[in-house]
Every structure is written in C-alpha cells, then in structure tokens.
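Enquirer: Let me begin by handing over the structure; questions about it come next.
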Amino acid sequence: MKTINIAIDGPAGAGKSTIAKMVSKELGYIYVDTGALYRTIALYITENDIADEDIEASLEKADVSLKFIDGAQRVFLGDRDVSDLIRTPEISMAASRTSAIPAVRAYLFETQQKIARENSVIMDGRDIGTVVLPNADVKIFLTASAEERANRRYKELSEKPDCPTYQEILDDIIKRDYQDMHRETAPLKQAEDAVLVDTTELNLEESAAAIVKIINEKIG
Ligand code: DC
C-alpha cells in the first residue's frame, strides 16, 4: 500500500508539534517529531561529556530509537525512555548546536526515511521537505512571528517554577532561529514547493484546520 508522507517544517515554537499531532489524529497518520531525535543525541553527548572531535565516532554507540506507544511517540536511548528528559532549555540549545554537525544529520537521516517508507506519516522538523522527504506528498512551512512564539512559550512556562522571563525566551528563540537557519548542512528554509502557513493570528484549531484543508486539496 502506498504510504502518504506529509512534511511540516518551521522554526522553534511555531506550534508544529501540537498542530501536527491534531492533524495526524484527524487523518489517522503517525506523527513523527524529528526534533526529539536531535534532542536525544544532544542528551547522549551531554551525559557522556563527549568532546566535539569524538562525536562522529561515538554515534554508532548512541542507539537512538523511536517507539510508538498507544499512537504516541516515545524516544529511547538504549532501553531508557528519555522522552521527558530531553525537554529542558539546556537540551534545546545543545540540540540546536549538535544538529549542525553533518555526521549527526547523516546518522539520523536513515532512521527518519525508514519510518516514512513504512508508515503514512506527518513528520515535523527543519529539513523534512527539503532534505529528508523531498518527494513528500504535501509540504507545509509553519511559522509565526518571533514575538508571538515567545509569548506562547512564556504562557506555557509561566505556571512552572524557575520560569524564564519573556525577554529571555525571546532571546533564546531568536538565537535558535539564527543557528538553525545559518548552519551549512540542511539549514531551516522553506522548500520551493511548500505551502506557507503563518499562525501569528491563528489559534491551534484554526491552524490545524488550515493544514487539513491544504492536505485534502492536495491528496483528496
Ligand atoms: O523541534 P525541536 O525544537 O524539538 O528541535 C530541536 C533542535 O533540533 C532544533 O534547534 C533544530 C534541530 N532540528 C533539526 O535540525 N532538524 C530537524 N529535522 C529537527 C530538529
């Protein structure tokens, strides 16, 4: 059976994962969050204190894998489920840095392609439409202004202890955008054949509905 592949790319905090989850539920596809793979490599490097020059050689021992449990993605380092551990600001920044290393991208490339070959997926990341799935059936570039993305993250975190300030979150977002867009290998950019969806003025339901409409128009 032909699998359907939907690529969603865009900057940090544009709502990709929440929106892609909503859309995948509606369409019955598997949602694949590729950022979690980069975060897990960053955790592996941080925990094992691996020096930059040793990263490439250490990757074959990393043993990163994705499992889908009750439809939800979990990411494993060996047999340890690290899905929650990778969601810290430190790992966000470390993932942005390690994702610029060509050997890291090459290591995760095949993992991502294999999942898309075997399943109908909505895969989100930075280079899915441009590099990982250049023949995806539908490509979306999801974005929102940096200020609005910082606003959303601040609201999300404001209930938690040690919440960073709005300005710290905005600075982080601007720094990560710059790193993700200016790296040499597979930088974040809109694929020529991707449809741009700007969610600055849209809520989650409106954003998901806009994407479902684009998908239905393309693949019927
Ligand atoms: O989507 P996220 O914030 O969880 O991603 C973490 C980092 O991983 C992000 O700074 C960029 C990188 N990344 C990437 O380079 N390519 C992808 N396909 C997904 C994420």
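Ordered as shown in the structure tokens, chains take letters A, B, and onward, while each chain numbers its residues from 1 and ligands are numbered from 1 in the order shown.
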Step by step, measure atom-to-atom distances between ligand 1 and each residue using only C-alpha atoms and all ligand atoms, keep those at most 9 Å, then write them as JSON, numbers by chain.
Expert: {"A": [9, 10, 11, 12, 13, 16, 17, 33, 34, 35, 36, 37, 38, 39, 42, 86, 87, 91, 92, 93, 94, 95, 96, 97, 98, 99, 100, 105, 112, 123, 124, 125, 126, 127, 128, 132, 176, 177, 179, 180, 185, 186, 187, 188]}
Enquirer: Write out as a tab-separated table the residues of region 70-179 of chain A that have any atom within 10 Å of an atom of region 208-220 of chain A, one row each with the nearest atom pair and its distance in Å to one decimal, counting only C-alpha atoms, sorted by chain and then rising number.
Expert:
```
residue	atom	partner	partner_atom	distance
A:Asp137	CA	A:Ile219	CA	7.4
A:Val138	CA	A:Ile215	CA	6.4
A:Lys139	CA	A:Ile215	CA	8.8
A:Ile140	CA	A:Ile211	CA	7.8
A:Leu142	CA	A:Ile211	CA	9.4
```
Enquirer: Just the selected residues (C-alpha atoms), exported as a compact mmCIF listing (two decimals), in the first residue's frame, please.
Expert:
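Saved result, out.txt, follows:
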```txt
# COMPACT_ATOMS: atom_id res chain seq x y z
CA ASP A 137 3.03 14.33 -0.94
CA VAL A 138 2.40 17.61 0.89
CA LYS A 139 4.88 20.12 2.34
CA ILE A 140 3.93 22.80 4.83
CA LEU A 142 4.63 26.60 9.51
```
Enquirer: List the neighbours of Val75 (chain A) out to 7 Å using only C-alpha atoms; skip same-chain residues closer than 5 positions along the sequence, and give me the result as a ChimeraX atom specification.
Expert: /A:36,65-67,81-83
Enquirer: Taking the chain letters and numbering used in this document, name the residues of region 146-218 of chain A that DSSP puts in helix (DSSP H, G or I), as number ranges by chain.
Expert: A: 146-157, 166-182, 204-218
Enquirer: Take the residues from that selection and write them out as a tab-separated table (two decimals), in the first residue's frame, keeping N, CA and C atoms.
Expert:
```tsv
chain	number	residue	atom	x	y	z
A	146	ALA	N	8.46	35.90	15.79
A	146	ALA	CA	9.27	35.50	16.95
A	146	ALA	C	8.59	35.96	18.25
A	147	GLU	N	7.98	37.16	18.24
A	147	GLU	CA	7.33	37.71	19.45
A	147	GLU	C	6.15	36.84	19.85
A	148	GLU	N	5.36	36.42	18.86
A	148	GLU	CA	4.20	35.60	19.17
A	148	GLU	C	4.64	34.21	19.66
A	149	ARG	N	5.70	33.67	19.08
A	149	ARG	CA	6.20	32.37	19.54
A	149	ARG	C	6.72	32.47	20.98
A	150	ALA	N	7.40	33.58	21.29
A	150	ALA	CA	7.91	33.78	22.65
A	150	ALA	C	6.74	33.92	23.63
A	151	ASN	N	5.71	34.64	23.21
A	151	ASN	CA	4.51	34.83	24.00
A	151	ASN	C	3.87	33.50	24.38
A	152	ARG	N	3.73	32.63	23.38
A	152	ARG	CA	3.10	31.32	23.60
A	152	ARG	C	3.93	30.48	24.57
A	153	ARG	N	5.26	30.48	24.36
A	153	ARG	CA	6.13	29.68	25.24
A	153	ARG	C	6.09	30.24	26.65
A	154	TYR	N	6.04	31.56	26.78
A	154	TYR	CA	6.01	32.18	28.10
A	154	TYR	C	4.74	31.78	28.84
A	155	LYS	N	3.62	31.77	28.13
A	155	LYS	CA	2.34	31.38	28.75
A	155	LYS	C	2.40	29.93	29.22
A	156	GLU	N	3.03	29.07	28.39
A	156	GLU	CA	3.16	27.65	28.68
A	156	GLU	C	3.99	27.43	29.95
A	157	LEU	N	5.07	28.24	30.09
A	157	LEU	CA	6.03	28.02	31.18
A	157	LEU	C	5.71	28.82	32.43
A	166	TYR	N	10.03	36.73	29.77
A	166	TYR	CA	9.62	36.80	28.35
A	166	TYR	C	10.83	37.15	27.48
A	167	GLN	N	11.65	38.12	27.96
A	167	GLN	CA	12.79	38.56	27.16
A	167	GLN	C	13.81	37.42	26.97
A	168	GLU	N	14.02	36.62	28.04
A	168	GLU	CA	14.97	35.50	27.92
A	168	GLU	C	14.47	34.49	26.88
A	169	ILE	N	13.16	34.24	26.91
A	169	ILE	CA	12.59	33.28	25.96
A	169	ILE	C	12.72	33.82	24.54
A	170	LEU	N	12.42	35.11	24.37
A	170	LEU	CA	12.51	35.71	23.03
A	170	LEU	C	13.96	35.67	22.53
A	171	ASP	N	14.91	35.99	23.41
A	171	ASP	CA	16.33	35.96	23.01
A	171	ASP	C	16.74	34.56	22.57
A	172	ASP	N	16.26	33.55	23.32
A	172	ASP	CA	16.56	32.14	23.01
A	172	ASP	C	16.01	31.76	21.63
A	173	ILE	N	14.78	32.20	21.38
A	173	ILE	CA	14.12	31.87	20.10
A	173	ILE	C	14.88	32.51	18.94
A	174	ILE	N	15.26	33.78	19.13
A	174	ILE	CA	15.98	34.48	18.05
A	174	ILE	C	17.33	33.82	17.80
A	175	LYS	N	17.99	33.41	18.89
A	175	LYS	CA	19.30	32.77	18.76
A	175	LYS	C	19.17	31.42	18.06
A	176	ARG	N	18.15	30.64	18.47
A	176	ARG	CA	17.96	29.32	17.85
A	176	ARG	C	17.57	29.44	16.38
A	177	ASP	N	16.69	30.41	16.07
A	177	ASP	CA	16.31	30.64	14.66
A	177	ASP	C	17.57	30.89	13.83
A	178	TYR	N	18.43	31.77	14.38
A	178	TYR	CA	19.63	32.14	13.63
A	178	TYR	C	20.50	30.91	13.41
A	179	GLN	N	20.73	30.14	14.49
A	179	GLN	CA	21.57	28.93	14.36
A	179	GLN	C	20.97	27.95	13.36
A	180	ASP	N	19.65	27.74	13.45
A	180	ASP	CA	19.00	26.74	12.59
A	180	ASP	C	18.99	27.19	11.11
A	181	MET	N	18.93	28.51	10.89
A	181	MET	CA	18.83	29.00	9.51
A	181	MET	C	20.19	29.22	8.86
A	182	HIS	N	21.22	29.33	9.66
A	182	HIS	CA	22.53	29.69	9.09
A	182	HIS	C	23.54	28.56	9.13
A	204	LEU	N	-4.89	27.35	17.74
A	204	LEU	CA	-4.48	25.99	17.35
A	204	LEU	C	-5.49	25.34	16.42
A	205	GLU	N	-6.78	25.47	16.76
A	205	GLU	CA	-7.82	24.83	15.94
A	205	GLU	C	-7.82	25.40	14.53
A	206	GLU	N	-7.68	26.72	14.43
A	206	GLU	CA	-7.66	27.35	13.10
A	206	GLU	C	-6.43	26.91	12.30
A	207	SER	N	-5.29	26.78	13.00
A	207	SER	CA	-4.07	26.36	12.31
A	207	SER	C	-4.21	24.93	11.80
A	208	ALA	N	-4.72	24.04	12.68
A	208	ALA	CA	-4.89	22.63	12.27
A	208	ALA	C	-5.87	22.53	11.10
A	209	ALA	N	-6.97	23.30	11.17
A	209	ALA	CA	-7.97	23.26	10.10
A	209	ALA	C	-7.37	23.74	8.78
A	210	ALA	N	-6.51	24.77	8.84
A	210	ALA	CA	-5.88	25.28	7.61
A	210	ALA	C	-5.01	24.19	6.98
A	211	ILE	N	-4.33	23.43	7.82
A	211	ILE	CA	-3.43	22.39	7.29
A	211	ILE	C	-4.22	21.20	6.74
A	212	VAL	N	-5.26	20.80	7.45
A	212	VAL	CA	-6.11	19.70	6.95
A	212	VAL	C	-6.67	20.08	5.58
A	213	LYS	N	-7.08	21.32	5.44
A	213	LYS	CA	-7.64	21.79	4.17
A	213	LYS	C	-6.59	21.69	3.04
A	214	ILE	N	-5.37	22.12	3.34
A	214	ILE	CA	-4.30	22.05	2.33
A	214	ILE	C	-4.04	20.59	1.94
A	215	ILE	N	-3.99	19.71	2.95
A	215	ILE	CA	-3.73	18.28	2.68
A	215	ILE	C	-4.85	17.70	1.83
A	216	ASN	N	-6.08	17.97	2.21
A	216	ASN	CA	-7.22	17.42	1.46
A	216	ASN	C	-7.25	17.93	0.02
A	217	GLU	N	-6.90	19.19	-0.14
A	217	GLU	CA	-6.86	19.74	-1.51
A	217	GLU	C	-5.80	19.06	-2.36
A	218	LYS	N	-4.66	18.71	-1.72
A	218	LYS	CA	-3.54	18.12	-2.48
A	218	LYS	C	-3.76	16.64	-2.75
```
Enquirer: Can you list, as a PyMOL selection string, all residues belonging to chain A that DSSP tags as strand (DSSP E or B)?
Expert: chain A and resi 5-9+30-33+64-69+72-77+80-81+121-125+138-143+195-198
Enquirer: Create the file for the chosen residues now, containing N, CA, C and O atoms and written as a compact mmCIF listing (two decimals), in the first residue's frame.
Expert:
```txt
# COMPACT_ATOMS: atom_id res chain seq x y z
N ASN A 5 3.13 10.75 2.83
CA ASN A 5 4.10 11.47 3.65
C ASN A 5 3.82 12.97 3.61
O ASN A 5 3.79 13.59 2.55
N ILE A 6 3.61 13.53 4.81
CA ILE A 6 3.38 14.97 4.93
C ILE A 6 4.56 15.57 5.69
O ILE A 6 4.88 15.09 6.79
N ALA A 7 5.19 16.58 5.12
CA ALA A 7 6.33 17.23 5.78
C ALA A 7 5.90 18.57 6.35
O ALA A 7 5.27 19.37 5.65
N ILE A 8 6.21 18.78 7.64
CA ILE A 8 5.94 20.11 8.23
C ILE A 8 7.24 20.65 8.81
O ILE A 8 7.83 20.04 9.71
N ASP A 9 7.71 21.73 8.25
CA ASP A 9 8.93 22.37 8.75
C ASP A 9 8.61 23.76 9.27
O ASP A 9 7.57 24.33 8.92
N ILE A 30 0.67 8.53 11.51
CA ILE A 30 1.59 8.57 12.64
C ILE A 30 2.27 9.94 12.66
O ILE A 30 2.68 10.45 11.61
N TYR A 31 2.38 10.54 13.84
CA TYR A 31 3.08 11.82 13.96
C TYR A 31 4.53 11.55 14.38
O TYR A 31 4.76 10.88 15.39
N VAL A 32 5.48 12.06 13.61
CA VAL A 32 6.89 11.86 13.94
C VAL A 32 7.55 13.21 14.22
O VAL A 32 7.61 14.08 13.35
N ASP A 33 8.03 13.36 15.45
CA ASP A 33 8.70 14.59 15.89
C ASP A 33 10.20 14.37 15.76
O ASP A 33 10.82 13.73 16.62
N VAL A 64 19.87 5.30 19.37
CA VAL A 64 18.64 6.12 19.49
C VAL A 64 17.52 5.45 18.70
O VAL A 64 17.73 5.04 17.57
N SER A 65 16.36 5.32 19.30
CA SER A 65 15.24 4.73 18.53
C SER A 65 13.92 5.37 18.94
O SER A 65 13.79 5.93 20.04
N LEU A 66 12.96 5.29 18.03
CA LEU A 66 11.61 5.80 18.30
C LEU A 66 10.68 4.61 18.46
O LEU A 66 10.79 3.63 17.73
N LYS A 67 9.75 4.71 19.40
CA LYS A 67 8.69 3.69 19.51
C LYS A 67 7.36 4.44 19.56
O LYS A 67 7.29 5.56 20.05
N PHE A 68 6.34 3.82 19.05
CA PHE A 68 5.02 4.44 19.07
C PHE A 68 4.14 3.66 20.03
O PHE A 68 3.81 2.51 19.77
N ILE A 69 3.85 4.24 21.19
CA ILE A 69 3.11 3.55 22.23
C ILE A 69 1.74 4.21 22.35
O ILE A 69 1.66 5.41 22.64
N ALA A 72 1.40 7.36 20.51
CA ALA A 72 2.26 8.49 20.89
C ALA A 72 3.73 8.10 20.74
O ALA A 72 4.13 7.00 21.11
N GLN A 73 4.51 9.04 20.20
CA GLN A 73 5.94 8.77 20.01
C GLN A 73 6.70 8.84 21.33
O GLN A 73 6.53 9.78 22.10
N ARG A 74 7.55 7.86 21.58
CA ARG A 74 8.49 7.92 22.70
C ARG A 74 9.88 7.72 22.12
O ARG A 74 10.06 6.96 21.17
N VAL A 75 10.86 8.39 22.69
CA VAL A 75 12.21 8.26 22.17
C VAL A 75 13.10 7.58 23.21
O VAL A 75 12.99 7.85 24.41
N PHE A 76 13.94 6.65 22.72
CA PHE A 76 14.76 5.82 23.60
C PHE A 76 16.24 6.00 23.32
O PHE A 76 16.66 6.11 22.18
N LEU A 77 17.00 5.99 24.41
CA LEU A 77 18.45 5.94 24.34
C LEU A 77 18.79 4.57 24.95
O LEU A 77 18.61 4.37 26.15
N ARG A 80 16.34 3.04 27.63
CA ARG A 80 15.84 4.09 28.54
C ARG A 80 14.93 5.05 27.79
O ARG A 80 15.35 5.62 26.77
N ASP A 81 13.71 5.24 28.28
CA ASP A 81 12.79 6.20 27.67
C ASP A 81 13.17 7.61 28.15
O ASP A 81 13.01 7.94 29.33
N VAL A 121 2.88 9.14 7.39
CA VAL A 121 3.34 9.98 8.50
C VAL A 121 3.11 11.47 8.27
O VAL A 121 3.06 11.94 7.14
N ILE A 122 2.99 12.17 9.39
CA ILE A 122 3.17 13.62 9.39
C ILE A 122 4.46 13.82 10.15
O ILE A 122 4.54 13.47 11.34
N MET A 123 5.50 14.28 9.46
CA MET A 123 6.81 14.38 10.09
C MET A 123 7.19 15.84 10.23
O MET A 123 7.13 16.57 9.26
N ASP A 124 7.54 16.25 11.45
CA ASP A 124 7.91 17.66 11.58
C ASP A 124 9.37 17.84 11.94
O ASP A 124 9.99 16.96 12.53
N GLY A 125 9.95 18.96 11.47
CA GLY A 125 11.37 19.23 11.72
C GLY A 125 11.78 20.54 11.08
O GLY A 125 11.03 21.52 11.10
N VAL A 138 2.77 16.24 0.55
CA VAL A 138 2.40 17.61 0.89
C VAL A 138 3.50 18.19 1.77
O VAL A 138 4.02 17.50 2.66
N LYS A 139 3.87 19.45 1.50
CA LYS A 139 4.88 20.12 2.34
C LYS A 139 4.29 21.42 2.88
O LYS A 139 3.73 22.21 2.12
N ILE A 140 4.43 21.58 4.18
CA ILE A 140 3.93 22.80 4.83
C ILE A 140 5.10 23.49 5.50
O ILE A 140 5.94 22.82 6.12
N PHE A 141 5.17 24.81 5.41
CA PHE A 141 6.14 25.57 6.19
C PHE A 141 5.34 26.40 7.19
O PHE A 141 4.60 27.30 6.81
N LEU A 142 5.46 26.01 8.46
CA LEU A 142 4.63 26.60 9.51
C LEU A 142 5.44 27.62 10.29
O LEU A 142 6.49 27.28 10.85
N THR A 143 4.95 28.83 10.35
CA THR A 143 5.72 29.84 11.08
C THR A 143 4.80 30.79 11.84
O THR A 143 3.57 30.71 11.74
N VAL A 195 3.81 24.89 1.15
CA VAL A 195 2.79 25.93 1.35
C VAL A 195 3.08 26.62 2.68
O VAL A 195 3.26 25.96 3.71
N LEU A 196 3.13 27.95 2.66
CA LEU A 196 3.41 28.72 3.89
C LEU A 196 2.14 28.90 4.71
O LEU A 196 1.12 29.33 4.19
N VAL A 197 2.22 28.52 5.99
CA VAL A 197 1.09 28.78 6.90
C VAL A 197 1.63 29.63 8.05
O VAL A 197 2.49 29.18 8.81
N ASP A 198 1.17 30.86 8.16
CA ASP A 198 1.61 31.75 9.23
C ASP A 198 0.54 31.75 10.32
O ASP A 198 -0.59 32.17 10.08
```
Enquirer: Measure the distance from CA of Gln190 (chain A) to CA of Ala106 (chain A) in Å and round it to one decimal.
Expert: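 Straight-line distance from CA of Gln190 (chain A) to CA of Ala106 (chain A) works out to 20.4 Å.
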Enquirer: Using only C-alpha atoms, determine which residues lie at most 12 Å from Asn48 (chain A), disregarding the query and same-chain residues fewer than 4 positions distant; provide the list as a list in words.
Expert: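 The contact residues come out as Ile41, Ala42, Leu43, Tyr44, Asp52, Asp54, Ile55, Ser58, Leu59, Lys61 and Ala62 of chain A.
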Enquirer: Can you tell me how far CA of Ala191 (chain A) sits from CA of Gly129 (chain A), in Å to one decimal?
Expert: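 Straight-line distance from CA of Ala191 (chain A) to CA of Gly129 (chain A) works out to 5.9 Å.
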Enquirer: Closest to Pro89 (chain A) among A:Ser158, A:Cys163, A:Glu184, A:Ile4, using only C-alpha atoms?
Expert: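 For Pro89 (chain A), the nearest of the candidates is A:Cys163.
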Enquirer: Under the rule that only C-alpha atoms are counted, which of A:Pro134, A:Glu110, A:Asn119, A:Pro102 is the nearest residue to Arg183 (chain A)?
Expert: A:Pro102
Enquirer: So how many Å separate CA of Thr200 (chain A) and CA of Asn135 (chain A), to one decimal?
Expert: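 Between CA of Thr200 (chain A) and CA of Asn135 (chain A) the gap is 28.0 Å.
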Enquirer: Can you work out which one of A:Gln113, A:Thr3, A:Thr40, A:Thr165 has the shortest atom-to-atom distance to Leu133 (chain A), counting only C-alpha atoms?
Expert: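 Result for the nearest residue to Leu133 (chain A): A:Gln113.
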